[in-house]
Amino acid sequence: MILDLLPLLADSAAAAGEVVETASDIARAGNINGSITLGLAGAGAAIGVGLVGAKAAEAVGRNPSAFGNILTIGIIGMALAEAIAIYALILAFGGR
């Protein structure tokens with residue numbers, strides 16, 4: 001998404017008389033892209049973990065005898081939601 005804006009920014013900077021082809025400018029744009037990726041994935045993982053926890057508590061409230069099964073499924077769901085943040089962390093520091 002952010003990478004789609006880079007050619008537009010480069011064209012506008014070239015029209016203004018500046019050259020935006022230095023390595024530091026490209027690296028800075030990559031850092032911004034990684035930060036946005038990590039922030040969005042972290043927010044998504046937090047929302048996912050919150051929803052899983054809320055629905056697990058609701059399910060235990062409805063059926064207290066199923067606590068063990070609900071706890072197991074809840075932990076697996078939270079782990080899968082956190083995996084999204086870990087994948088984004090790898091992408092952010094991997095330079096993509």
# chains A, B, ... in the order shown; residues from 1 in each chain; ligands from 1
call {"tool": "residues_around", "arguments": {"residues": "stretch 85-94 of chain A", "least_positions_apart": "3", "cutoff": "7 Å", "atoms": "only C-alpha atoms", "output": "PyMOL selection string"}}
result
chain A and resi 34-35+37-38+41-42+45+82
call {"tool": "write_last_selection", "arguments": {"atoms": "N, CA and C atoms", "output": "PDB file, in the first residue's frame"}}
result
ATOM      1  N   GLY A  34       7.479  -0.812   7.116  1.00  0.00           N
ATOM      2  CA  GLY A  34       7.564  -1.858   8.130  1.00  0.00           C
ATOM      3  C   GLY A  34       6.858  -1.473   9.410  1.00  0.00           C
ATOM      4  N   SER A  35       6.954  -0.209   9.783  1.00  0.00           N
ATOM      5  CA  SER A  35       6.300   0.255  11.005  1.00  0.00           C
ATOM      6  C   SER A  35       4.781   0.197  10.875  1.00  0.00           C
ATOM      7  N   THR A  37       3.114  -1.792   8.843  1.00  0.00           N
ATOM      8  CA  THR A  37       2.760  -3.213   8.813  1.00  0.00           C
ATOM      9  C   THR A  37       2.701  -3.779  10.219  1.00  0.00           C
ATOM     10  N   LEU A  38       3.710  -3.477  11.010  1.00  0.00           N
ATOM     11  CA  LEU A  38       3.770  -4.007  12.372  1.00  0.00           C
ATOM     12  C   LEU A  38       2.663  -3.418  13.239  1.00  0.00           C
ATOM     13  N   ALA A  41      -0.752  -5.028  12.202  1.00  0.00           N
ATOM     14  CA  ALA A  41      -0.831  -6.428  12.625  1.00  0.00           C
ATOM     15  C   ALA A  41      -0.935  -6.540  14.136  1.00  0.00           C
ATOM     16  N   GLY A  42      -0.238  -5.664  14.856  1.00  0.00           N
ATOM     17  CA  GLY A  42      -0.345  -5.676  16.317  1.00  0.00           C
ATOM     18  C   GLY A  42      -1.739  -5.304  16.776  1.00  0.00           C
ATOM     19  N   ALA A  45      -3.993  -8.287  16.025  1.00  0.00           N
ATOM     20  CA  ALA A  45      -3.779  -9.372  16.981  1.00  0.00           C
ATOM     21  C   ALA A  45      -4.396  -9.033  18.332  1.00  0.00           C
ATOM     22  N   GLU A  82      -1.980 -14.224  17.901  1.00  0.00           N
ATOM     23  CA  GLU A  82      -0.657 -13.655  18.157  1.00  0.00           C
ATOM     24  C   GLU A  82       0.333 -14.004  17.046  1.00  0.00           C
TER      25      GLU A  82
END
call {"tool": "atom_distance", "arguments": {"atom1": "atom CA of A:Asn33", "atom2": "atom CA of A:Leu80"}}
result
23.6 Å
call {"tool": "closest_residue", "arguments": {"among": "A:Ile32, A:Val60, A:Ala46, A:Leu40", "to": "A:Gly74", "atoms": "only C-alpha atoms"}}
result
A:Val60
call {"tool": "residues_around", "arguments": {"residues": "A:Met78", "least_positions_apart": "2", "cutoff": "9 Å", "atoms": "only C-alpha atoms", "output": "ChimeraX atom specification"}}
result
/A:45,48-50,52-53,73-76,80-83
call {"tool": "write_last_selection", "arguments": {"atoms": "C-alpha atoms", "output": "mmCIF file, in the first residue's frame"}}
result
data_model
loop_
_atom_site.group_PDB
_atom_site.id
_atom_site.type_symbol
_atom_site.label_atom_id
_atom_site.label_comp_id
_atom_site.auth_asym_id
_atom_site.auth_seq_id
_atom_site.Cartn_x
_atom_site.Cartn_y
_atom_site.Cartn_z
ATOM 1 C CA ALA A 45 -3.779 -9.372 16.981
ATOM 2 C CA GLY A 48 -8.374 -10.945 17.986
ATOM 3 C CA VAL A 49 -7.061 -11.895 21.427
ATOM 4 C CA GLY A 50 -9.624 -9.640 23.082
ATOM 5 C CA VAL A 52 -11.331 -14.731 21.879
ATOM 6 C CA GLY A 53 -11.015 -13.954 25.591
ATOM 7 C CA ILE A 73 -9.819 -23.799 22.402
ATOM 8 C CA GLY A 74 -9.362 -20.248 23.737
ATOM 9 C CA ILE A 75 -5.619 -20.684 24.209
ATOM 10 C CA ILE A 76 -5.246 -22.085 20.691
ATOM 11 C CA LEU A 80 -3.162 -18.108 16.313
ATOM 12 C CA ALA A 81 -4.088 -14.440 16.699
ATOM 13 C CA GLU A 82 -0.657 -13.655 18.157
ATOM 14 C CA ALA A 83 0.993 -15.488 15.248
#
call {"tool": "atom_distance", "arguments": {"atom1": "atom CA of A:Ile47", "atom2": "atom CA of A:Thr72"}}
result
19.2 Å
